[in-house]
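Student: Provided below: model.pdb, containing PDB, C-alpha atoms and all ligand atoms.
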```pdb
ATOM      1  CA  MET A   3     -55.072 -86.416 -50.083
ATOM      2  CA  ASN A   4     -55.717 -84.859 -46.684
ATOM      3  CA  ASN A   5     -53.583 -85.377 -43.612
ATOM      4  CA  PRO A   6     -55.190 -88.227 -41.671
ATOM      5  CA  ALA A   7     -57.443 -86.913 -38.925
ATOM      6  CA  VAL A   8     -59.018 -88.272 -35.768
ATOM      7  CA  LEU A   9     -62.328 -86.717 -34.783
ATOM      8  CA  LEU A  10     -63.573 -86.896 -31.190
ATOM      9  CA  ILE A  11     -67.385 -87.094 -30.965
ATOM     10  CA  GLY A  12     -69.780 -87.533 -28.043
ATOM     11  CA  GLY A  13     -72.864 -86.153 -26.333
ATOM     12  CA  PRO A  14     -72.839 -83.726 -23.399
ATOM     13  CA  GLU A  15     -70.374 -84.492 -20.598
ATOM     14  CA  THR A  16     -69.096 -87.740 -21.998
ATOM     15  CA  GLY A  17     -65.508 -86.935 -20.994
ATOM     16  CA  LYS A  18     -64.161 -85.661 -24.337
ATOM     17  CA  SER A  19     -62.455 -82.543 -22.971
ATOM     18  CA  ASN A  20     -60.857 -84.352 -20.050
ATOM     19  CA  PHE A  21     -59.626 -87.086 -22.338
ATOM     20  CA  LEU A  22     -58.226 -84.443 -24.697
ATOM     21  CA  PHE A  23     -56.398 -82.538 -21.927
ATOM     22  CA  ARG A  24     -55.011 -85.745 -20.429
ATOM     23  CA  THR A  25     -53.806 -86.832 -23.866
ATOM     24  CA  TRP A  26     -52.365 -83.377 -24.485
ATOM     25  CA  THR A  27     -50.119 -83.797 -21.418
ATOM     26  CA  HIS A  28     -48.571 -86.821 -23.186
ATOM     27  CA  ILE A  29     -48.454 -85.253 -26.635
ATOM     28  CA  ASP A  30     -46.915 -82.018 -25.340
ATOM     29  CA  SER A  31     -44.177 -83.771 -23.359
ATOM     30  CA  SER A  32     -43.536 -86.484 -26.013
ATOM     31  CA  ASN A  33     -44.373 -89.058 -23.385
ATOM     32  CA  GLY A  34     -46.297 -91.566 -25.459
ATOM     33  CA  THR A  35     -46.381 -92.997 -28.970
ATOM     34  CA  ILE A  36     -47.442 -89.632 -30.385
ATOM     35  CA  GLU A  37     -45.932 -86.167 -30.082
ATOM     36  CA  LYS A  38     -46.934 -82.709 -31.245
ATOM     37  CA  ASP A  39     -45.943 -81.580 -34.714
ATOM     38  CA  GLY A  40     -45.765 -77.862 -34.010
ATOM     39  CA  LEU A  41     -47.893 -75.870 -31.593
ATOM     40  CA  PRO A  42     -51.656 -75.927 -32.102
ATOM     41  CA  ALA A  43     -53.429 -72.583 -32.430
ATOM     42  CA  ASP A  44     -55.314 -73.073 -29.192
ATOM     43  CA  ALA A  45     -52.377 -74.315 -27.125
ATOM     44  CA  GLU A  46     -53.466 -72.004 -24.310
ATOM     45  CA  TYR A  47     -56.859 -73.679 -24.054
ATOM     46  CA  LEU A  48     -55.185 -77.098 -23.904
ATOM     47  CA  ARG A  49     -52.605 -75.959 -21.395
ATOM     48  CA  THR A  50     -55.252 -74.512 -19.057
ATOM     49  CA  GLY A  51     -57.262 -77.749 -19.126
ATOM     50  CA  ALA A  52     -54.185 -79.925 -18.606
ATOM     51  CA  GLU A  53     -53.028 -77.763 -15.690
ATOM     52  CA  LEU A  54     -56.304 -78.242 -13.846
ATOM     53  CA  GLN A  55     -55.853 -81.988 -14.142
ATOM     54  CA  LEU A  56     -52.305 -81.699 -12.863
ATOM     55  CA  ARG A  57     -53.849 -80.165  -9.743
ATOM     56  CA  GLY A  58     -55.994 -83.276  -9.364
ATOM     57  CA  MET A  59     -59.238 -81.776 -10.721
ATOM     58  CA  PHE A  60     -61.373 -82.586 -13.711
ATOM     59  CA  ALA A  61     -61.431 -79.741 -16.200
ATOM     60  CA  GLY A  62     -64.783 -77.961 -16.128
ATOM     61  CA  ARG A  63     -67.679 -78.176 -18.460
ATOM     62  CA  THR A  64     -67.339 -76.600 -21.916
ATOM     63  CA  PRO A  65     -69.569 -73.497 -21.801
ATOM     64  CA  GLN A  66     -72.392 -73.399 -24.351
ATOM     65  CA  GLU A  67     -70.851 -70.478 -26.206
ATOM     66  CA  VAL A  68     -67.472 -72.134 -26.728
ATOM     67  CA  GLN A  69     -67.422 -73.591 -30.214
ATOM     68  CA  VAL A  70     -63.754 -74.092 -30.970
ATOM     69  CA  ILE A  71     -62.515 -76.869 -33.122
ATOM     70  CA  SER A  72     -59.144 -77.810 -31.708
ATOM     71  CA  ARG A  73     -56.787 -78.840 -34.467
ATOM     72  CA  ILE A  74     -53.757 -80.458 -32.959
ATOM     73  CA  PRO A  75     -51.008 -81.405 -35.391
ATOM     74  CA  ILE A  76     -49.403 -84.676 -34.293
ATOM     75  CA  ARG A  77     -46.841 -87.172 -35.544
ATOM     76  CA  LEU A  78     -45.670 -90.633 -34.635
ATOM     77  CA  ARG A  79     -42.636 -90.444 -32.368
ATOM     78  CA  ARG A  80     -40.753 -93.334 -33.921
ATOM     79  CA  ASP A  81     -41.467 -92.164 -37.484
ATOM     80  CA  SER A  82     -41.884 -88.398 -37.781
ATOM     81  CA  GLN A  83     -42.972 -88.747 -41.420
ATOM     82  CA  LYS A  84     -46.273 -90.078 -40.125
ATOM     83  CA  LYS A  85     -48.358 -86.984 -39.502
ATOM     84  CA  ALA A  86     -51.990 -86.414 -38.648
ATOM     85  CA  VAL A  87     -54.304 -83.928 -37.035
ATOM     86  CA  LEU A  88     -56.417 -84.460 -33.954
ATOM     87  CA  LEU A  89     -59.744 -82.716 -34.416
ATOM     88  CA  VAL A  90     -61.857 -81.963 -31.411
ATOM     89  CA  PRO A  91     -64.939 -79.986 -32.160
ATOM     90  CA  ASP A  92     -65.241 -78.944 -28.546
ATOM     91  CA  ILE A  93     -68.694 -77.654 -29.173
ATOM     92  CA  ASN A  94     -70.978 -78.485 -26.307
ATOM     93  CA  GLY A  95     -72.340 -81.991 -26.608
ATOM     94  CA  GLU A  96     -75.914 -80.662 -26.829
ATOM     95  CA  ARG A  97     -75.115 -79.768 -30.432
ATOM     96  CA  ILE A  98     -74.474 -83.452 -31.117
ATOM     97  CA  ASN A  99     -78.005 -84.260 -29.925
ATOM     98  CA  GLN A 100     -79.430 -81.274 -31.816
ATOM     99  CA  ILE A 101     -77.946 -82.481 -35.101
ATOM    100  CA  TYR A 102     -79.721 -85.794 -34.542
ATOM    101  CA  HIS A 103     -83.073 -84.056 -34.018
ATOM    102  CA  GLU A 104     -82.727 -81.558 -36.861
ATOM    103  CA  ARG A 105     -81.504 -84.198 -39.319
ATOM    104  CA  LYS A 106     -78.878 -81.829 -40.727
ATOM    105  CA  TRP A 107     -75.391 -80.649 -39.967
ATOM    106  CA  SER A 108     -73.306 -77.678 -41.068
ATOM    107  CA  ALA A 109     -70.882 -77.448 -43.982
ATOM    108  CA  ASP A 110     -68.102 -77.296 -41.361
ATOM    109  CA  TRP A 111     -69.107 -80.693 -40.033
ATOM    110  CA  GLU A 112     -69.433 -82.113 -43.522
ATOM    111  CA  SER A 113     -65.898 -80.965 -44.342
ATOM    112  CA  LEU A 114     -64.520 -82.946 -41.377
ATOM    113  CA  ILE A 115     -65.808 -86.228 -42.793
ATOM    114  CA  THR A 116     -63.199 -87.322 -45.335
ATOM    115  CA  GLU A 117     -61.754 -90.595 -46.537
ATOM    116  CA  ASP A 118     -58.808 -90.001 -44.185
ATOM    117  CA  THR A 119     -60.831 -89.375 -41.031
ATOM    118  CA  ALA A 120     -61.104 -91.811 -38.132
ATOM    119  CA  TYR A 121     -63.483 -91.333 -35.205
ATOM    120  CA  LEU A 122     -63.449 -91.778 -31.458
ATOM    121  CA  PHE A 123     -66.975 -91.908 -30.050
ATOM    122  CA  PHE A 124     -67.318 -91.182 -26.323
ATOM    123  CA  VAL A 125     -69.772 -92.529 -23.766
ATOM    124  CA  ARG A 126     -69.332 -92.103 -20.008
ATOM    125  CA  ILE A 127     -70.131 -94.588 -17.266
ATOM    126  CA  GLY A 128     -72.486 -93.166 -14.640
ATOM    127  CA  SER A 129     -73.346 -90.021 -16.586
ATOM    128  CA  GLU A 130     -76.739 -88.555 -15.745
ATOM    129  CA  GLN A 131     -76.866 -87.257 -19.294
ATOM    130  CA  THR A 132     -76.901 -90.750 -20.765
ATOM    131  CA  VAL A 133     -80.445 -91.624 -21.788
ATOM    132  CA  ALA A 134     -80.875 -95.349 -21.208
ATOM    133  CA  PRO A 135     -83.096 -97.397 -23.509
ATOM    134  CA  LEU A 136     -86.483 -98.337 -22.007
ATOM    135  CA  ASP A 137     -86.445-101.629 -20.169
ATOM    136  CA  TRP A 138     -89.249-104.011 -21.059
ATOM    137  CA  ILE A 139     -91.263-103.345 -17.896
ATOM    138  CA  THR A 140     -91.429 -99.598 -18.584
ATOM    139  CA  TRP A 141     -92.107-100.299 -22.245
ATOM    140  CA  HIS A 142     -95.018-102.530 -21.298
ATOM    141  CA  LYS A 143     -96.411 -99.953 -18.871
ATOM    142  CA  LEU A 144     -96.250 -97.276 -21.519
ATOM    143  CA  TYR A 145     -97.475 -99.019 -24.574
ATOM    144  CA  CYS A 146     -99.606-101.907 -23.349
ATOM    145  CA  ASP A 147    -101.168-101.085 -19.963
ATOM    146  CA  ILE A 148    -102.177 -97.493 -20.521
ATOM    147  CA  PRO A 149    -104.071 -96.247 -23.583
ATOM    148  CA  GLN A 150    -101.959 -93.368 -24.961
ATOM    149  CA  PRO A 151    -104.586 -90.548 -25.029
ATOM    150  CA  THR A 152    -105.465 -91.160 -21.390
ATOM    151  CA  LEU A 153    -101.964 -90.846 -19.958
ATOM    152  CA  ALA A 154    -102.763 -87.487 -18.333
ATOM    153  CA  ALA A 155    -106.148 -88.648 -17.072
ATOM    154  CA  THR A 156    -104.619 -91.779 -15.603
ATOM    155  CA  ASN A 157    -102.250 -89.591 -13.733
ATOM    156  CA  GLN A 158    -105.022 -87.427 -12.221
ATOM    157  CA  ASP A 159    -107.121 -90.432 -11.281
ATOM    158  CA  SER A 160    -104.432 -92.357  -9.523
ATOM    159  CA  GLY A 161    -102.605 -89.387  -8.081
ATOM    160  CA  THR A 162     -99.329 -90.937  -9.193
ATOM    161  CA  THR A 163     -96.831 -89.236 -11.470
ATOM    162  CA  GLU A 164     -95.287 -92.487 -12.615
ATOM    163  CA  PRO A 165     -96.954 -92.836 -16.047
ATOM    164  CA  ILE A 166     -96.287 -89.212 -16.954
ATOM    165  CA  GLU A 167     -92.670 -89.405 -15.857
ATOM    166  CA  ALA A 168     -92.228 -92.558 -17.879
ATOM    167  CA  ALA A 169     -93.893 -90.888 -20.861
ATOM    168  CA  LEU A 170     -91.607 -87.865 -20.612
ATOM    169  CA  GLU A 171     -88.550 -90.079 -20.290
ATOM    170  CA  ALA A 172     -89.712 -92.050 -23.304
ATOM    171  CA  GLN A 173     -89.728 -88.883 -25.402
ATOM    172  CA  LYS A 174     -85.976 -88.539 -24.929
ATOM    173  CA  THR A 175     -83.982 -90.409 -27.509
ATOM    174  CA  PRO A 176     -81.711 -93.045 -25.986
ATOM    175  CA  THR A 177     -78.036 -92.142 -26.304
ATOM    176  CA  GLN A 178     -77.252 -95.348 -28.165
ATOM    177  CA  VAL A 179     -79.829 -94.471 -30.853
ATOM    178  CA  ILE A 180     -78.178 -91.072 -31.377
ATOM    179  CA  LEU A 181     -74.741 -92.649 -31.697
ATOM    180  CA  VAL A 182     -75.879 -95.262 -34.196
ATOM    181  CA  ASP A 183     -77.590 -92.513 -36.171
ATOM    182  CA  TRP A 184     -74.316 -90.582 -36.222
ATOM    183  CA  LEU A 185     -72.505 -93.620 -37.599
ATOM    184  CA  GLN A 186     -75.112 -93.836 -40.334
ATOM    185  CA  PHE A 187     -74.722 -90.106 -41.089
ATOM    186  CA  ILE A 188     -70.984 -90.588 -41.457
ATOM    187  CA  LEU A 189     -71.380 -93.562 -43.766
ATOM    188  CA  ALA A 190     -73.945 -91.719 -45.888
ATOM    189  CA  ALA A 191     -71.652 -88.665 -46.180
ATOM    190  CA  LEU A 192     -68.718 -90.870 -47.227
ATOM    191  CA  ARG A 193     -70.812 -92.721 -49.817
ATOM    192  CA  ASP A 194     -71.960 -89.377 -51.259
ATOM    193  CA  LYS A 195     -68.438 -88.045 -51.491
ATOM    194  CA  TYR A 196     -66.368 -90.995 -52.644
ATOM    195  CA  PRO A 197     -66.980 -93.472 -55.433
ATOM    196  CA  GLN A 198     -64.633 -96.047 -53.874
ATOM    197  CA  ILE A 199     -65.470 -97.851 -50.647
ATOM    198  CA  VAL A 200     -64.109 -96.108 -47.557
ATOM    199  CA  ARG A 201     -64.043 -98.164 -44.367
ATOM    200  CA  PRO A 202     -63.378 -95.738 -41.497
ATOM    201  CA  ARG A 203     -61.980 -96.739 -38.142
ATOM    202  CA  VAL A 204     -64.288 -96.039 -35.221
ATOM    203  CA  GLY A 205     -63.137 -96.465 -31.635
ATOM    204  CA  ILE A 206     -65.874 -96.486 -28.988
ATOM    205  CA  VAL A 207     -64.284 -95.002 -25.850
ATOM    206  CA  VAL A 208     -65.993 -95.752 -22.534
ATOM    207  CA  THR A 209     -64.786 -93.014 -20.167
ATOM    208  CA  ALA A 210     -64.783 -92.935 -16.334
ATOM    209  CA  TRP A 211     -63.833 -96.603 -16.234
ATOM    210  CA  ASP A 212     -63.071 -96.043 -12.530
ATOM    211  CA  CYS A 213     -66.877 -95.859 -12.045
ATOM    212  CA  VAL A 214     -67.525 -99.330 -13.443
ATOM    213  CA  ALA A 215     -69.320-101.640 -10.958
ATOM    214  CA  ASN A 216     -66.886-103.515  -8.692
ATOM    215  CA  ASP A 217     -68.260-106.880  -9.736
ATOM    216  CA  PHE A 218     -68.014-106.121 -13.468
ATOM    217  CA  LEU A 219     -65.222-108.303 -14.774
ATOM    218  CA  GLY A 220     -65.315-107.536 -18.494
ATOM    219  CA  GLY A 221     -63.797-104.739 -20.566
ATOM    220  CA  PRO A 222     -65.221-101.907 -22.681
ATOM    221  CA  LEU A 223     -66.525-104.320 -25.345
ATOM    222  CA  ASP A 224     -68.532-106.209 -22.711
ATOM    223  CA  TRP A 225     -69.722-102.985 -21.078
ATOM    224  CA  ILE A 226     -71.129-101.718 -24.376
ATOM    225  CA  GLY A 227     -72.702-105.143 -24.978
ATOM    226  CA  ASP A 228     -74.471-104.975 -21.592
ATOM    227  CA  ASN A 229     -75.388-101.290 -21.502
ATOM    228  CA  MET A 230     -75.727-100.159 -25.096
ATOM    229  CA  PRO A 231     -76.805-103.292 -26.947
ATOM    230  CA  LEU A 232     -77.938-101.381 -30.035
ATOM    231  CA  ILE A 233     -74.436 -99.974 -30.606
ATOM    232  CA  TYR A 234     -72.944-103.381 -29.908
ATOM    233  CA  GLN A 235     -75.198-105.083 -32.441
ATOM    234  CA  TYR A 236     -74.636-102.320 -34.992
ATOM    235  CA  CYS A 237     -70.868-102.763 -34.650
ATOM    236  CA  ILE A 238     -71.061-106.539 -34.945
ATOM    237  CA  SER A 239     -73.242-106.402 -38.048
ATOM    238  CA  ASN A 240     -71.524-103.512 -39.852
ATOM    239  CA  HIS A 241     -68.021-104.813 -40.230
ATOM    240  CA  ASP A 242     -68.176-104.090 -43.959
ATOM    241  CA  GLY A 243     -68.833-100.404 -43.332
ATOM    242  CA  PHE A 244     -66.443 -99.722 -40.453
ATOM    243  CA  GLU A 245     -63.514-101.090 -38.521
ATOM    244  CA  PHE A 246     -64.545-100.945 -34.867
ATOM    245  CA  SER A 247     -62.628-101.139 -31.627
ATOM    246  CA  PHE A 248     -63.643-100.750 -27.980
ATOM    247  CA  LEU A 249     -61.567 -98.785 -25.508
ATOM    248  CA  GLY A 250     -61.897 -97.411 -21.996
ATOM    249  CA  SER A 251     -60.268 -94.596 -20.040
ATOM    250  CA  SER A 252     -59.967 -93.197 -16.559
ATOM    251  CA  ILE A 253     -58.291 -89.840 -16.009
ATOM    252  CA  PHE A 254     -57.080 -90.407 -12.424
ATOM    253  CA  SER A 255     -57.985 -94.097 -11.735
ATOM    254  CA  GLY A 256     -60.650 -92.810  -9.326
ATOM    255  CA  ASP A 257     -63.091 -89.977  -8.786
ATOM    256  CA  PRO A 258     -61.784 -87.042  -6.713
ATOM    257  CA  THR A 259     -65.196 -85.327  -6.900
ATOM    258  CA  LYS A 260     -66.998 -88.219  -5.196
ATOM    259  CA  ASP A 261     -64.335 -89.643  -2.912
ATOM    260  CA  PRO A 262     -62.618 -87.091  -0.601
ATOM    261  CA  GLU A 263     -60.091 -89.678   0.597
ATOM    262  CA  PHE A 264     -59.078 -90.412  -2.985
ATOM    263  CA  ALA A 265     -58.887 -86.656  -3.682
ATOM    264  CA  GLU A 266     -56.497 -86.220  -0.765
ATOM    265  CA  GLN A 267     -54.278 -89.100  -1.882
ATOM    266  CA  LEU A 268     -54.282 -87.733  -5.426
ATOM    267  CA  GLY A 269     -53.119 -84.373  -4.106
ATOM    268  CA  GLN A 270     -49.920 -86.024  -2.881
ATOM    269  CA  LYS A 271     -49.209 -87.829  -6.156
ATOM    270  CA  ASP A 272     -48.162 -86.799  -9.643
ATOM    271  CA  PRO A 273     -51.444 -86.948 -11.640
ATOM    272  CA  ARG A 274     -49.359 -87.424 -14.811
ATOM    273  CA  ILE A 275     -48.705 -91.002 -13.815
ATOM    274  CA  GLU A 276     -52.258 -91.691 -12.643
ATOM    275  CA  GLY A 277     -55.068 -92.875 -14.905
ATOM    276  CA  TYR A 278     -55.081 -95.378 -17.710
ATOM    277  CA  VAL A 279     -56.610 -96.456 -20.972
ATOM    278  CA  LEU A 280     -57.610-100.011 -21.806
ATOM    279  CA  HIS A 281     -58.275-101.651 -25.121
ATOM    280  CA  SER A 282     -60.517-104.660 -25.731
ATOM    281  CA  PRO A 283     -60.203-107.555 -26.178
ATOM    282  CA  ASP A 284     -57.132-107.913 -23.915
ATOM    283  CA  ASN A 285     -58.257-105.034 -21.615
ATOM    284  CA  ILE A 286     -54.737-104.485 -20.294
ATOM    285  CA  LYS A 287     -54.396-101.093 -18.629
ATOM    286  CA  SER A 288     -51.776 -98.701 -20.009
ATOM    287  CA  GLY A 289     -50.699 -95.247 -18.870
ATOM    288  CA  ASP A 290     -50.269 -94.083 -22.482
ATOM    289  CA  PHE A 291     -53.362 -92.010 -23.279
ATOM    290  CA  THR A 292     -52.354 -91.720 -26.926
ATOM    291  CA  ILE A 293     -53.238 -95.398 -27.561
ATOM    292  CA  PRO A 294     -56.835 -94.725 -28.764
ATOM    293  CA  ILE A 295     -55.444 -92.204 -31.262
ATOM    294  CA  THR A 296     -52.698 -94.489 -32.550
ATOM    295  CA  TRP A 297     -55.270 -97.235 -33.031
ATOM    296  CA  ALA A 298     -57.617 -94.849 -34.873
ATOM    297  CA  LEU A 299     -54.796 -93.859 -37.202
ATOM    298  CA  GLY A 300     -53.733 -97.442 -37.777
ATOM    299  CA  TRP A 301     -50.174 -96.518 -36.630
TER
HETATM  300  N1  LIG A 401     -64.897 -90.576 -12.465
HETATM  301  C1  LIG A 401     -64.563 -90.020 -13.614
HETATM  302  N2  LIG A 401     -65.264 -88.957 -14.073
HETATM  303  C2  LIG A 401     -64.897 -88.420 -15.264
HETATM  304  C3  LIG A 401     -63.814 -88.921 -16.043
HETATM  305  N3  LIG A 401     -63.721 -88.161 -17.168
HETATM  306  C4  LIG A 401     -64.705 -87.230 -17.081
HETATM  307  N4  LIG A 401     -65.408 -87.383 -15.937
HETATM  308  C5  LIG A 401     -66.550 -86.578 -15.438
HETATM  309  O1  LIG A 401     -67.319 -86.161 -16.547
HETATM  310  C6  LIG A 401     -67.495 -84.756 -16.515
HETATM  311  C7  LIG A 401     -67.607 -84.228 -17.922
HETATM  312  O2  LIG A 401     -66.382 -84.395 -18.577
HETATM  313  P1  LIG A 401     -65.953 -83.455 -19.815
HETATM  314  O3  LIG A 401     -64.576 -83.875 -20.197
HETATM  315  O4  LIG A 401     -66.169 -82.010 -19.497
HETATM  316  O5  LIG A 401     -67.022 -83.926 -20.915
HETATM  317  P2  LIG A 401     -67.341 -83.307 -22.361
HETATM  318  O6  LIG A 401     -68.557 -82.440 -22.178
HETATM  319  O7  LIG A 401     -67.627 -84.499 -23.206
HETATM  320  O8  LIG A 401     -66.158 -82.527 -22.830
HETATM  321  C8  LIG A 401     -66.292 -84.248 -15.728
HETATM  322  O9  LIG A 401     -66.569 -83.011 -15.131
HETATM  323  C9  LIG A 401     -66.092 -85.341 -14.697
HETATM  324  O10 LIG A 401     -66.952 -85.140 -13.602
HETATM  325  C10 LIG A 401     -63.081 -90.054 -15.506
HETATM  326  O11 LIG A 401     -62.130 -90.575 -16.108
HETATM  327  N5  LIG A 401     -63.499 -90.540 -14.312
HETATM  328 MG    MG A 402     -66.089 -80.499 -23.344
END
```
Can I see the file as structure tokens?
Ligand SMILES: Nc1nc2c(ncn2[C@@H]2O[C@H](COP(=O)(O)OP(=O)(O)O)[C@@H](O)[C@H]2O)c(=O)[nH]1
Ligand SMILES: [Mg+2]
Tutor:
Amino acid sequence: MNNPAVLLIGGPETGKSNFLFRTWTHIDSSNGTIEKDGLPADAEYLRTGAELQLRGMFAGRTPQEVQVISRIPIRLRRDSQKKAVLLVPDINGERINQIYHERKWSADWESLITEDTAYLFFVRIGSEQTVAPLDWITWHKLYCDIPQPTLAATNQDSGTTEPIEAALEAQKTPTQVILVDWLQFILAALRDKYPQIVRPRVGIVVTAWDCVANDFLGGPLDWIGDNMPLIYQYCISNHDGFEFSFLGSSIFSGDPTKDPEFAEQLGQKDPRIEGYVLHSPDNIKSGDFTIPITWALGW
């Protein structure tokens, strides 16, 4: 039996690293339900990221060449016999999309998928990297109005770039399709490896909750239902395969990169007590960033 593990997965710039560094601040100072169980090998990497956040800044983008898998040994604070490892393949998120397109992953990836692994899948509100599914108007324009072979000609005739832009956009796979495919990969790998039924826990974490529309009254479950209906429907109809939960997070409770006034206020506060996570269905905000991990571990 392996130590239980939680694997953080998400496309490019979905907020994985910032979530990890923010959580590390809690784990490192035993200020949450989980604490560290010895120092991880890449403590320096975690410390650098967490320090940037303590200065009121988001930690920067993971460079393409960085391919570390952070392995952070953790344990439950109120019962130190309960141990696990937090696994963050902080490979750039492009690799996640590439695996989808190539239809294969490495032996390293395969070895991370065990009967004792839980998963946190990340999506970020307002990310330009999120590929939205086609709405029905665009779909109609693409597939009904314009005969496919004449897309380019249509463009020259009318002098508009609209059909070509729509066609190019349509070639990109919507983010929700990639995530559902990943869930299916995981299930297939588990079925190959284990004769008994394994029902992994999967938390869908909606990051940058501070960017949610002001008039949006729901929680992460509702946000996924509205914005990523394929994932929502997959989760609802695959209860036999997985145990799902919907969570949200905000590192600072606002966006210092977009709001200079907020950035100034943040500079006068202790960023360790800013930010929150929320967990559907009650959607109550909590300052304990380890909550998604404790849920994933069933602790
Ligand atoms: N407003 C807001 N932006 C966030 C939050 N978390 C991440 N971001 C933004 O998302 C970007 C990418 O985050 P990062 O953690 O590097 O994503 P990764 O590529 O998945 O590791 C950051 O540079 C921030 O601009 C958040 O809680 N709130
Ligand atoms: Mg990263």
Student: Rank A:Leu22, A:Leu219, A:Val8, A:Ala109 by their smallest atom-to-atom distance to ligand MG 402 (chain A), using all atoms listed in the file, and report the top residue only.
Tutor: A:Leu22
Student: A:Lys18, A:Gln178, A:Trp225, A:Pro202: which is nearest A:His241, counting all atoms listed in the file?
Tutor: A:Pro202
Student: What is the atom CA of A:Asn285 to atom CA of A:Thr25 distance in Å?
Tutor: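 Separating atom CA of A:Asn285 from atom CA of A:Thr25 is a distance of 18.9 Å.
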Student: Kindly give the distance, in Å, that separates atom CA of A:Gln55 and atom CA of A:Ser32, rounded to a single decimal.
Tutor: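 Distance reported for this atom pair: 17.7 Å.
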Student: Between atom CA of A:Ala298 and atom CA of A:Asn216, what is the distance, to one decimal in Å?
Tutor: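 Pair atom CA of A:Ala298 / atom CA of A:Asn216 returns 29.1 Å.
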Student: If I put a ball of radius 8 Å at (-56.8, -87.9, -5.4) in the file's coordinates, which residues poke into it when counting all atoms listed in the file, written as a list of chain:residue names?
Tutor: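 Those within range, by chain then number, are A:Gly58, A:Phe254, A:Gly256, A:Asp257, A:Pro258, A:Pro262, A:Glu263, A:Phe264, A:Ala265, A:Glu266, A:Gln267, A:Leu268, A:Gly269, A:Gln270, A:Lys271.
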